[in-house]
>>> print(open('start.cif').read())   # mmCIF, C-alpha atoms
data_query
#
loop_
_atom_site.group_PDB
_atom_site.id
_atom_site.type_symbol
_atom_site.label_atom_id
_atom_site.label_comp_id
_atom_site.auth_asym_id
_atom_site.auth_seq_id
_atom_site.Cartn_x
_atom_site.Cartn_y
_atom_site.Cartn_z
ATOM 1 C CA MET A 1 51.992 74.236 -35.106
ATOM 2 C CA THR A 2 51.940 70.800 -33.513
ATOM 3 C CA GLU A 3 51.690 67.525 -35.397
ATOM 4 C CA ASP A 4 48.911 64.960 -35.088
ATOM 5 C CA ARG A 5 49.244 61.795 -37.178
ATOM 6 C CA GLY A 6 51.246 63.716 -39.738
ATOM 7 C CA VAL A 7 48.688 66.533 -40.024
ATOM 8 C CA ALA A 8 49.711 70.065 -39.027
ATOM 9 C CA VAL A 9 47.406 71.396 -36.305
ATOM 10 C CA PRO A 10 47.121 75.131 -35.543
ATOM 11 C CA PRO A 11 47.737 75.933 -31.845
ATOM 12 C CA GLY A 12 44.127 76.965 -31.222
ATOM 13 C CA VAL A 13 42.822 73.726 -32.712
ATOM 14 C CA ALA A 14 45.326 71.722 -30.662
ATOM 15 C CA ALA A 15 44.089 73.525 -27.533
ATOM 16 C CA LEU A 16 40.481 72.620 -28.331
ATOM 17 C CA GLU A 17 41.473 69.007 -28.855
ATOM 18 C CA ARG A 18 42.976 69.097 -25.337
ATOM 19 C CA ASP A 19 39.750 70.642 -23.953
ATOM 20 C CA SER A 20 41.763 73.740 -23.130
ATOM 21 C CA GLY A 21 41.380 77.495 -23.594
ATOM 22 C CA SER A 22 38.431 79.887 -23.894
ATOM 23 C CA VAL A 23 36.236 80.989 -26.788
ATOM 24 C CA HIS A 24 34.290 84.271 -26.882
ATOM 25 C CA LEU A 25 31.042 83.539 -28.733
ATOM 26 C CA SER A 26 30.062 87.195 -28.801
ATOM 27 C CA ASP A 27 27.346 86.944 -31.441
ATOM 28 C CA TRP A 28 25.459 83.902 -30.153
ATOM 29 C CA ARG A 29 21.713 84.292 -29.646
ATOM 30 C CA VAL A 30 20.435 84.196 -26.068
ATOM 31 C CA LEU A 31 16.778 83.635 -25.171
ATOM 32 C CA ALA A 32 15.483 83.689 -21.591
ATOM 33 C CA VAL A 33 12.356 81.652 -20.809
ATOM 34 C CA ARG A 34 10.556 82.497 -17.565
ATOM 35 C CA GLY A 35 7.209 81.904 -15.909
ATOM 36 C CA ALA A 36 5.389 79.317 -13.815
ATOM 37 C CA ASP A 37 4.903 77.036 -16.829
ATOM 38 C CA ALA A 38 8.410 77.462 -18.308
ATOM 39 C CA ARG A 39 9.791 74.016 -17.434
ATOM 40 C CA ARG A 40 6.766 72.023 -18.544
ATOM 41 C CA TRP A 41 6.264 74.192 -21.629
ATOM 42 C CA LEU A 42 9.846 73.769 -22.840
ATOM 43 C CA HIS A 43 9.882 70.070 -22.017
ATOM 44 C CA ASP A 44 6.855 69.545 -24.279
ATOM 45 C CA LEU A 45 8.426 71.423 -27.204
ATOM 46 C CA VAL A 46 12.121 70.545 -27.433
ATOM 47 C CA THR A 47 13.692 67.117 -27.922
ATOM 48 C CA ALA A 48 15.813 67.036 -24.738
ATOM 49 C CA ASP A 49 14.672 66.203 -21.224
ATOM 50 C CA VAL A 50 14.051 69.586 -19.591
ATOM 51 C CA ALA A 51 11.916 68.225 -16.755
ATOM 52 C CA SER A 52 14.939 66.830 -14.881
ATOM 53 C CA LEU A 53 17.428 69.578 -15.806
ATOM 54 C CA GLU A 54 19.145 70.807 -12.646
ATOM 55 C CA ASP A 55 20.129 74.375 -11.840
ATOM 56 C CA GLY A 56 23.421 75.249 -13.534
ATOM 57 C CA ARG A 57 23.257 72.346 -15.980
ATOM 58 C CA ALA A 58 22.722 72.458 -19.743
ATOM 59 C CA ARG A 59 21.702 70.029 -22.474
ATOM 60 C CA ARG A 60 21.938 70.204 -26.231
ATOM 61 C CA SER A 61 18.514 69.967 -27.816
ATOM 62 C CA LEU A 62 16.710 70.334 -31.111
ATOM 63 C CA ILE A 63 13.509 72.101 -32.001
ATOM 64 C CA LEU A 64 11.757 70.238 -34.795
ATOM 65 C CA SER A 65 8.989 70.981 -37.236
ATOM 66 C CA PRO A 66 5.783 68.896 -37.065
ATOM 67 C CA THR A 67 7.319 66.734 -39.822
ATOM 68 C CA GLY A 68 10.433 66.053 -37.727
ATOM 69 C CA ARG A 69 12.815 68.397 -39.586
ATOM 70 C CA ILE A 70 15.436 70.402 -37.677
ATOM 71 C CA ARG A 71 14.452 74.045 -37.184
ATOM 72 C CA ALA A 72 16.999 74.871 -34.469
ATOM 73 C CA ASP A 73 19.917 73.329 -32.602
ATOM 74 C CA VAL A 74 20.206 74.937 -29.163
ATOM 75 C CA HIS A 75 21.670 74.481 -25.700
ATOM 76 C CA VAL A 76 19.088 74.658 -22.910
ATOM 77 C CA GLY A 77 20.419 75.717 -19.498
ATOM 78 C CA ALA A 78 18.560 75.896 -16.175
ATOM 79 C CA VAL A 79 19.053 79.048 -14.098
ATOM 80 C CA GLY A 80 16.915 78.696 -10.981
ATOM 81 C CA ALA A 81 13.311 78.416 -12.150
ATOM 82 C CA SER A 82 14.140 79.995 -15.521
ATOM 83 C CA PHE A 83 15.953 78.768 -18.615
ATOM 84 C CA LEU A 84 18.417 80.146 -21.141
ATOM 85 C CA LEU A 85 18.481 78.922 -24.737
ATOM 86 C CA LEU A 86 21.764 79.506 -26.577
ATOM 87 C CA GLN A 87 21.897 79.336 -30.385
ATOM 88 C CA ASP A 88 24.619 79.585 -33.031
ATOM 89 C CA PRO A 89 23.729 82.702 -35.077
ATOM 90 C CA ILE A 90 24.491 81.003 -38.392
ATOM 91 C CA GLN A 91 21.201 79.125 -38.069
ATOM 92 C CA PRO A 92 18.596 80.824 -40.280
ATOM 93 C CA GLU A 93 15.688 80.893 -37.802
ATOM 94 C CA PRO A 94 16.171 82.660 -34.437
ATOM 95 C CA VAL A 95 14.888 80.474 -31.634
ATOM 96 C CA ALA A 96 12.823 83.360 -30.227
ATOM 97 C CA GLU A 97 10.819 83.543 -33.460
ATOM 98 C CA ILE A 98 10.342 79.769 -33.578
ATOM 99 C CA LEU A 99 8.980 79.498 -30.030
ATOM 100 C CA ALA A 100 6.875 82.687 -29.836
ATOM 101 C CA PRO A 101 3.777 81.228 -31.579
ATOM 102 C CA TYR A 102 3.583 78.421 -28.996
ATOM 103 C CA VAL A 103 3.261 80.645 -25.915
ATOM 104 C CA LEU A 104 -0.529 81.137 -26.328
ATOM 105 C CA SER A 105 -2.165 81.040 -22.863
ATOM 106 C CA SER A 106 0.794 79.475 -21.036
ATOM 107 C CA ASP A 107 2.370 81.345 -18.125
ATOM 108 C CA VAL A 108 5.590 81.816 -20.086
ATOM 109 C CA GLU A 109 7.602 84.907 -20.918
ATOM 110 C CA LEU A 110 10.233 84.994 -23.664
ATOM 111 C CA GLU A 111 12.977 87.621 -23.449
ATOM 112 C CA ASP A 112 15.437 87.899 -26.316
ATOM 113 C CA ARG A 113 18.720 88.856 -24.629
ATOM 114 C CA THR A 114 20.836 88.656 -27.777
ATOM 115 C CA GLY A 115 23.282 91.558 -27.698
ATOM 116 C CA GLU A 116 22.639 92.153 -23.998
ATOM 117 C CA ALA A 117 24.421 89.011 -22.765
ATOM 118 C CA GLU A 118 27.697 87.660 -24.136
ATOM 119 C CA VAL A 119 28.645 83.992 -24.236
ATOM 120 C CA PHE A 120 32.032 82.444 -23.397
ATOM 121 C CA ALA A 121 33.004 78.772 -23.558
ATOM 122 C CA VAL A 122 35.624 78.147 -20.865
ATOM 123 C CA LEU A 123 37.137 74.718 -21.322
ATOM 124 C CA ASP A 124 39.543 74.500 -18.378
ATOM 125 C CA GLY A 125 41.116 76.526 -15.591
ATOM 126 C CA GLU A 126 39.806 77.842 -12.306
ATOM 127 C CA ALA A 127 36.456 79.596 -12.018
ATOM 128 C CA VAL A 128 37.899 83.095 -12.503
ATOM 129 C CA GLU A 129 34.570 84.235 -13.907
ATOM 130 C CA ASP A 130 32.715 83.989 -10.591
ATOM 131 C CA GLY A 131 30.694 87.083 -9.722
ATOM 132 C CA ASP A 132 27.177 88.323 -9.149
ATOM 133 C CA GLU A 133 26.656 89.119 -12.845
ATOM 134 C CA ALA A 134 27.976 85.886 -14.363
ATOM 135 C CA VAL A 135 25.853 82.818 -15.114
ATOM 136 C CA ARG A 136 27.616 79.463 -15.389
ATOM 137 C CA LEU A 137 26.207 76.431 -17.195
ATOM 138 C CA GLU A 138 27.838 73.008 -17.526
ATOM 139 C CA PRO A 139 28.812 71.525 -19.894
ATOM 140 C CA SER A 140 29.702 74.285 -22.354
ATOM 141 C CA VAL A 141 28.226 74.712 -25.809
ATOM 142 C CA LEU A 142 31.478 73.193 -27.160
ATOM 143 C CA GLY A 143 30.986 69.991 -25.175
ATOM 144 C CA SER A 144 33.405 70.331 -22.254
ATOM 145 C CA GLY A 145 34.027 72.844 -19.483
ATOM 146 C CA ARG A 146 31.374 75.460 -18.880
ATOM 147 C CA THR A 147 29.470 78.213 -20.636
ATOM 148 C CA VAL A 148 29.676 81.605 -18.953
ATOM 149 C CA LEU A 149 27.214 84.385 -19.737
ATOM 150 C CA THR A 150 27.865 87.946 -18.643
ATOM 151 C CA PRO A 151 26.319 91.323 -19.514
ATOM 152 C CA ALA A 152 27.680 92.857 -22.703
ATOM 153 C CA GLY A 153 30.104 95.755 -22.594
ATOM 154 C CA ALA A 154 32.405 96.358 -19.626
ATOM 155 C CA PRO A 155 31.536 93.118 -17.735
ATOM 156 C CA ALA A 156 32.290 91.004 -20.848
ATOM 157 C CA ARG A 157 35.569 92.841 -21.452
ATOM 158 C CA ALA A 158 36.540 92.338 -17.815
ATOM 159 C CA LEU A 159 35.789 88.619 -18.014
ATOM 160 C CA GLY A 160 37.889 88.284 -21.149
ATOM 161 C CA GLU A 161 40.787 89.981 -19.370
ATOM 162 C CA ARG A 162 40.493 87.709 -16.325
ATOM 163 C CA LEU A 163 40.546 84.637 -18.557
ATOM 164 C CA ARG A 164 43.686 85.867 -20.289
ATOM 165 C CA GLU A 165 45.343 86.670 -16.962
ATOM 166 C CA ALA A 166 44.551 83.127 -15.819
ATOM 167 C CA GLY A 167 46.612 81.841 -18.738
ATOM 168 C CA LEU A 168 43.742 80.457 -20.835
ATOM 169 C CA GLU A 169 44.454 80.559 -24.559
ATOM 170 C CA GLU A 170 41.990 82.770 -26.404
ATOM 171 C CA ILE A 171 40.711 80.744 -29.376
ATOM 172 C CA GLY A 172 39.168 82.416 -32.417
ATOM 173 C CA PRO A 173 36.266 81.372 -34.672
ATOM 174 C CA VAL A 174 38.481 80.073 -37.501
ATOM 175 C CA ASP A 175 40.147 77.565 -35.176
ATOM 176 C CA VAL A 176 36.766 76.552 -33.733
ATOM 177 C CA GLU A 177 35.452 75.846 -37.231
ATOM 178 C CA THR A 178 38.590 73.899 -38.188
ATOM 179 C CA TRP A 179 38.293 71.836 -34.990
ATOM 180 C CA ARG A 180 34.630 71.120 -35.722
ATOM 181 C CA VAL A 181 35.272 69.926 -39.277
ATOM 182 C CA ARG A 182 38.227 67.783 -38.161
ATOM 183 C CA ARG A 183 35.878 66.120 -35.675
ATOM 184 C CA GLY A 184 33.198 65.612 -38.326
ATOM 185 C CA THR A 185 30.553 67.367 -36.239
ATOM 186 C CA ALA A 186 27.472 68.679 -38.051
ATOM 187 C CA ARG A 187 26.683 72.395 -37.893
ATOM 188 C CA VAL A 188 23.074 73.362 -38.464
ATOM 189 C CA GLY A 189 22.971 76.150 -41.044
ATOM 190 C CA VAL A 190 26.162 74.899 -42.723
ATOM 191 C CA ASP A 191 26.036 71.126 -43.203
ATOM 192 C CA ILE A 192 22.288 70.769 -42.916
ATOM 193 C CA GLY A 193 19.262 72.998 -43.285
ATOM 194 C CA SER A 194 15.596 72.929 -42.382
ATOM 195 C CA ASP A 195 14.991 69.861 -44.557
ATOM 196 C CA ALA A 196 17.238 67.617 -42.440
ATOM 197 C CA LEU A 197 16.217 64.900 -40.004
ATOM 198 C CA PRO A 198 18.085 64.377 -36.687
ATOM 199 C CA ALA A 199 19.210 60.889 -37.713
ATOM 200 C CA GLU A 200 20.732 62.262 -40.901
ATOM 201 C CA ALA A 201 23.058 64.548 -38.924
ATOM 202 C CA GLY A 202 23.917 62.081 -36.174
ATOM 203 C CA LEU A 203 21.960 64.155 -33.649
ATOM 204 C CA GLU A 204 19.677 61.479 -32.226
ATOM 205 C CA ASP A 205 21.549 61.755 -28.918
ATOM 206 C CA THR A 206 19.827 65.128 -28.439
ATOM 207 C CA ILE A 207 16.454 63.354 -28.293
ATOM 208 C CA ASP A 208 14.904 61.860 -25.175
ATOM 209 C CA PHE A 209 12.902 59.002 -26.664
ATOM 210 C CA THR A 210 11.249 58.293 -23.295
ATOM 211 C CA LYS A 211 9.411 61.634 -23.290
ATOM 212 C CA GLY A 212 5.668 61.714 -23.633
ATOM 213 C CA CYS A 213 5.738 64.293 -26.404
ATOM 214 C CA PHE A 214 7.719 66.925 -28.264
ATOM 215 C CA LEU A 215 7.353 68.717 -31.566
ATOM 216 C CA GLY A 216 7.861 66.288 -34.437
ATOM 217 C CA GLN A 217 7.832 63.190 -32.205
ATOM 218 C CA GLU A 218 5.644 61.069 -34.469
ATOM 219 C CA SER A 219 7.784 61.798 -37.529
ATOM 220 C CA VAL A 220 11.003 60.985 -35.637
ATOM 221 C CA ALA A 221 9.505 57.683 -34.481
ATOM 222 C CA LYS A 222 8.484 56.877 -38.053
ATOM 223 C CA VAL A 223 12.054 57.366 -39.305
ATOM 224 C CA ARG A 224 13.394 55.144 -36.518
ATOM 225 C CA ASN A 225 10.903 52.430 -37.418
ATOM 226 C CA LEU A 226 11.864 52.620 -41.093
ATOM 227 C CA GLY A 227 15.485 52.092 -40.080
ATOM 228 C CA HIS A 228 17.323 55.006 -41.694
ATOM 229 C CA PRO A 229 16.978 58.553 -43.075
ATOM 230 C CA PRO A 230 17.189 59.273 -46.816
ATOM 231 C CA ARG A 231 20.590 61.010 -46.488
ATOM 232 C CA LEU A 232 23.609 60.959 -44.181
ATOM 233 C CA LEU A 233 26.457 63.244 -43.207
ATOM 234 C CA VAL A 234 29.828 61.506 -43.474
ATOM 235 C CA ALA A 235 33.302 62.704 -42.486
ATOM 236 C CA VAL A 236 35.696 62.425 -45.424
ATOM 237 C CA ARG A 237 39.340 62.965 -46.333
ATOM 238 C CA SER A 238 40.970 63.786 -49.677
ATOM 239 C CA THR A 239 44.549 64.193 -50.847
ATOM 240 C CA SER A 240 43.280 67.138 -52.937
ATOM 241 C CA ARG A 241 41.695 70.406 -51.931
ATOM 242 C CA LEU A 242 37.981 70.186 -51.139
ATOM 243 C CA GLU A 243 35.514 73.048 -51.413
ATOM 244 C CA PRO A 244 31.986 73.301 -49.967
ATOM 245 C CA GLY A 245 29.453 72.711 -52.713
ATOM 246 C CA THR A 246 31.624 70.288 -54.678
ATOM 247 C CA PRO A 247 29.472 67.391 -55.966
ATOM 248 C CA VAL A 248 30.140 63.965 -54.473
ATOM 249 C CA LEU A 249 29.986 61.020 -56.875
ATOM 250 C CA ALA A 250 29.521 57.269 -56.514
ATOM 251 C CA GLY A 251 30.208 55.278 -59.645
ATOM 252 C CA GLY A 252 30.251 58.535 -61.596
ATOM 253 C CA GLU A 253 26.721 59.407 -60.415
ATOM 254 C CA PRO A 254 26.025 62.524 -58.284
ATOM 255 C CA VAL A 255 24.931 61.373 -54.819
ATOM 256 C CA GLY A 256 25.554 64.445 -52.666
ATOM 257 C CA ALA A 257 27.900 67.346 -52.001
ATOM 258 C CA ILE A 258 30.684 68.558 -49.738
ATOM 259 C CA THR A 259 29.198 70.779 -47.019
ATOM 260 C CA SER A 260 32.315 71.752 -45.011
ATOM 261 C CA ALA A 261 36.041 71.428 -45.663
ATOM 262 C CA VAL A 262 39.370 72.565 -44.210
ATOM 263 C CA GLU A 263 42.887 72.108 -45.509
ATOM 264 C CA VAL A 264 45.343 69.903 -43.638
ATOM 265 C CA ALA A 265 49.014 69.074 -44.207
ATOM 266 C CA VAL A 266 48.185 66.837 -47.168
ATOM 267 C CA GLY A 267 44.893 67.628 -48.860
ATOM 268 C CA SER A 268 41.696 68.288 -46.947
ATOM 269 C CA VAL A 269 39.226 66.871 -44.487
ATOM 270 C CA GLY A 270 35.554 67.604 -44.776
ATOM 271 C CA ILE A 271 31.935 66.674 -44.251
ATOM 272 C CA ALA A 272 29.704 65.454 -47.068
ATOM 273 C CA ARG A 273 25.960 65.021 -47.285
ATOM 274 C CA VAL A 274 25.165 61.950 -49.379
ATOM 275 C CA ARG A 275 22.309 59.598 -50.141
ATOM 276 C CA TRP A 276 21.922 56.773 -47.630
ATOM 277 C CA ASP A 277 22.315 54.087 -50.265
ATOM 278 C CA ALA A 278 25.625 55.612 -51.423
ATOM 279 C CA ALA A 279 27.276 56.168 -48.028
ATOM 280 C CA ALA A 280 28.975 52.754 -47.993
ATOM 281 C CA ARG A 281 30.076 52.887 -51.646
ATOM 282 C CA PRO A 282 33.417 54.267 -52.911
ATOM 283 C CA LEU A 283 33.005 58.045 -53.102
ATOM 284 C CA ALA A 284 34.802 60.745 -55.053
ATOM 285 C CA ALA A 285 34.679 64.530 -55.105
ATOM 286 C CA ASP A 286 34.063 65.912 -58.576
ATOM 287 C CA GLY A 287 37.414 67.189 -59.855
ATOM 288 C CA ALA A 288 39.237 66.260 -56.637
ATOM 289 C CA GLY A 289 39.407 62.471 -56.824
ATOM 290 C CA PRO A 290 38.637 59.694 -54.347
ATOM 291 C CA LEU A 291 37.326 60.331 -50.855
ATOM 292 C CA SER A 292 38.094 58.134 -47.853
ATOM 293 C CA LEU A 293 35.853 57.938 -44.813
ATOM 294 C CA ARG A 294 37.369 58.864 -41.472
#
>>> encode(input="start.cif", output="structure tokens")
Amino acid sequence: MTEDRGVAVPPGVAALERDSGSVHLSDWRVLAVRGADARRWLHDLVTADVASLEDGRARRSLILSPTGRIRADVHVGAVGASFLLLQDPIQPEPVAEILAPYVLSSDVELEDRTGEAEVFAVLDGEAVEDGDEAVRLEPSVLGSGRTVLTPAGAPARALGERLREAGLEEIGPVDVETWRVRRGTARVGVDIGSDALPAEAGLEDTIDFTKGCFLGQESVAKVRNLGHPPRLLVAVRSTSRLEPGTPVLAGGEPVGAITSAVEVAVGSVGIARVRWDAAARPLAADGAGPLSLR
């Protein structure tokens, strides 16, 4: 392990912090959106700007309920005149099921390619994945580098081998999760559920506020005008061990809970969901002592 400010860092986590290596996201959901109306249709539904999305580029976006709550956190990538939506499978609602009722009379076709296409995040190195079958989208679903999609089975195995031969460290899901929690990045389906607002999770940068419309737009605007959401996610540190689900206290009063936590050299780092009015107060984890913000 390497050391970072006195905290032991597993090699895979250190590689991610250097924007290095590759991650095989074999179980991610993949939805293809095609048809003459695909660009306009998606642009009117999701929070990101799809209208200006160029071929080979991707943007993180949310799909909201009419009341502005997060139903899905996806990456939208343009592939010619079509689009691919990539979704972490831990999220409870598959994006294909969310979007299907909105097709109606639009010239749009949804094709669920989950299990048929495999997803890799390639954070550095040469483009060893080039080929007729591979689709490349930039930036990757992990924030840097590129996402590469290839047919499942032999093509995916061959891509994995080429990445290893190129010297890219193969990073597993445990290290990805540790890296995420160390960064304090919200994960939909873990830190927040379908009752959460984008502002609560620090995901307002996924919203194009200049758009004419998107699902939940009026509710999002109302929250912005009020000034803050009812709860917040905060990144915390403890000298004790933290566990997801542990109550968070302020002045002895329950104000939230730990949603994610990983052990470090001394104690733990984690993410907590707390009431807005308590976020700036001294916090403690029930049975684990004081929490510091990081």
>>> residues_around(input="start.cif", residues="Ala48 of chain A", least_positions_apart="2", cutoff="12 Å", atoms="all atoms listed in the file", output="MDAnalysis selection string")
chainID A and resid 39 42:46 50:53 58:64 73:77 203:215 217
>>> closest_residue(input="start.cif", among="A:Ser240, A:Gly160, A:Gly245, A:Gly202", to="Leu291 of chain A", atoms="all atoms listed in the file")
A:Ser240
>>> closest_residue(input="start.cif", among="A:Leu149, A:Val122, A:Val190, A:Ala158", to="Arg29 of chain A", atoms="only C-alpha atoms")
A:Leu149
>>> atom_distance(input="start.cif", atom1="atom CA of Thr150 of chain A", atom2="atom CA of Gly115 of chain A")
10.8 Å
>>> resolve_selection(input="start.cif", expression="the PyMOL selection byres ((chain A and resi 55) around 7)", output="NGL selection string")
:A and (53-54 or 56-57 or 78-80)
>>> resolve_selection(input="start.cif", expression="the PyMOL selection byres ((chain A and resi 282) around 10)", output="PDB file with C-alpha atoms, keeping the file's coordinate frame")
ATOM      1  CA  LEU A 249      29.986  61.020 -56.875  1.00  0.00           C
ATOM      2  CA  ALA A 250      29.521  57.269 -56.514  1.00  0.00           C
ATOM      3  CA  GLY A 251      30.208  55.278 -59.645  1.00  0.00           C
ATOM      4  CA  ALA A 278      25.625  55.612 -51.423  1.00  0.00           C
ATOM      5  CA  ALA A 279      27.276  56.168 -48.028  1.00  0.00           C
ATOM      6  CA  ALA A 280      28.975  52.754 -47.993  1.00  0.00           C
ATOM      7  CA  ARG A 281      30.076  52.887 -51.646  1.00  0.00           C
ATOM      8  CA  LEU A 283      33.005  58.045 -53.102  1.00  0.00           C
ATOM      9  CA  ALA A 284      34.802  60.745 -55.053  1.00  0.00           C
ATOM     10  CA  PRO A 290      38.637  59.694 -54.347  1.00  0.00           C
ATOM     11  CA  LEU A 291      37.326  60.331 -50.855  1.00  0.00           C
ATOM     12  CA  SER A 292      38.094  58.134 -47.853  1.00  0.00           C
ATOM     13  CA  LEU A 293      35.853  57.938 -44.813  1.00  0.00           C
TER      14      LEU A 293
END
>>> atom_distance(input="start.cif", atom1="atom CA of Ala265 of chain A", atom2="atom CA of Val248 of chain A")
22.1 Å
>>> residues_around(input="start.cif", residues="Pro247 of chain A", least_positions_apart="6", cutoff="10 Å", atoms="only C-alpha atoms", output="PDB file with C-alpha atoms, in the coordinates of the input")
ATOM      1  CA  GLU A 253      26.721  59.407 -60.415  1.00  0.00           C
ATOM      2  CA  PRO A 254      26.025  62.524 -58.284  1.00  0.00           C
ATOM      3  CA  VAL A 255      24.931  61.373 -54.819  1.00  0.00           C
ATOM      4  CA  GLY A 256      25.554  64.445 -52.666  1.00  0.00           C
ATOM      5  CA  ALA A 257      27.900  67.346 -52.001  1.00  0.00           C
ATOM      6  CA  ILE A 258      30.684  68.558 -49.738  1.00  0.00           C
ATOM      7  CA  THR A 259      29.198  70.779 -47.019  1.00  0.00           C
ATOM      8  CA  ALA A 272      29.704  65.454 -47.068  1.00  0.00           C
ATOM      9  CA  ARG A 273      25.960  65.021 -47.285  1.00  0.00           C
ATOM     10  CA  VAL A 274      25.165  61.950 -49.379  1.00  0.00           C
ATOM     11  CA  ALA A 284      34.802  60.745 -55.053  1.00  0.00           C
ATOM     12  CA  ALA A 285      34.679  64.530 -55.105  1.00  0.00           C
ATOM     13  CA  ASP A 286      34.063  65.912 -58.576  1.00  0.00           C
ATOM     14  CA  GLY A 287      37.414  67.189 -59.855  1.00  0.00           C
ATOM     15  CA  ALA A 288      39.237  66.260 -56.637  1.00  0.00           C
TER      16      ALA A 288
END
>>> axis_aligned_box(input="start.cif", around="segment 91-95 of chain A", padding_each_side="3 Å", output="JSON")
{"center_x": 18.0, "center_y": 80.9, "center_z": -36.0, "size_x": 12.3, "size_y": 9.5, "size_z": 14.6}
>>> resolve_selection(input="start.cif", expression="the PyMOL selection byres ((chain A and resi 135) around 12)", output="JSON, numbers by chain")
{"A": [55, 56, 57, 58, 77, 78, 79, 80, 83, 84, 117, 118, 119, 120, 121, 127, 129, 130, 131, 132, 133, 134, 136, 137, 138, 140, 146, 147, 148, 149, 150, 151, 156, 159]}
>>> residues_around(input="start.cif", residues="Asp175 of chain A", least_positions_apart="6", cutoff="8 Å", atoms="only C-alpha atoms", output="VMD selection string")
chain A and resid 10 12 to 13
>>> atom_distance(input="start.cif", atom1="atom CA of Val234 of chain A", atom2="atom CA of Val174 of chain A")
21.3 Å
>>> residues_around(input="start.cif", residues="segment 99-106 of chain A", least_positions_apart="6", cutoff="9 Å", atoms="all atoms listed in the file", output="mmCIF file with C-alpha atoms, in the coordinates of the input")
data_model
loop_
_atom_site.group_PDB
_atom_site.id
_atom_site.type_symbol
_atom_site.label_atom_id
_atom_site.label_comp_id
_atom_site.auth_asym_id
_atom_site.auth_seq_id
_atom_site.Cartn_x
_atom_site.Cartn_y
_atom_site.Cartn_z
ATOM 1 C CA GLY A 35 7.209 81.904 -15.909
ATOM 2 C CA ALA A 36 5.389 79.317 -13.815
ATOM 3 C CA ASP A 37 4.903 77.036 -16.829
ATOM 4 C CA ALA A 38 8.410 77.462 -18.308
ATOM 5 C CA TRP A 41 6.264 74.192 -21.629
ATOM 6 C CA LEU A 45 8.426 71.423 -27.204
ATOM 7 C CA ILE A 63 13.509 72.101 -32.001
#
>>> closest_residue(input="start.cif", among="A:Ala154, A:Leu168, A:Ala221, A:Leu233", to="Gly184 of chain A", atoms="only C-alpha atoms")
A:Leu233
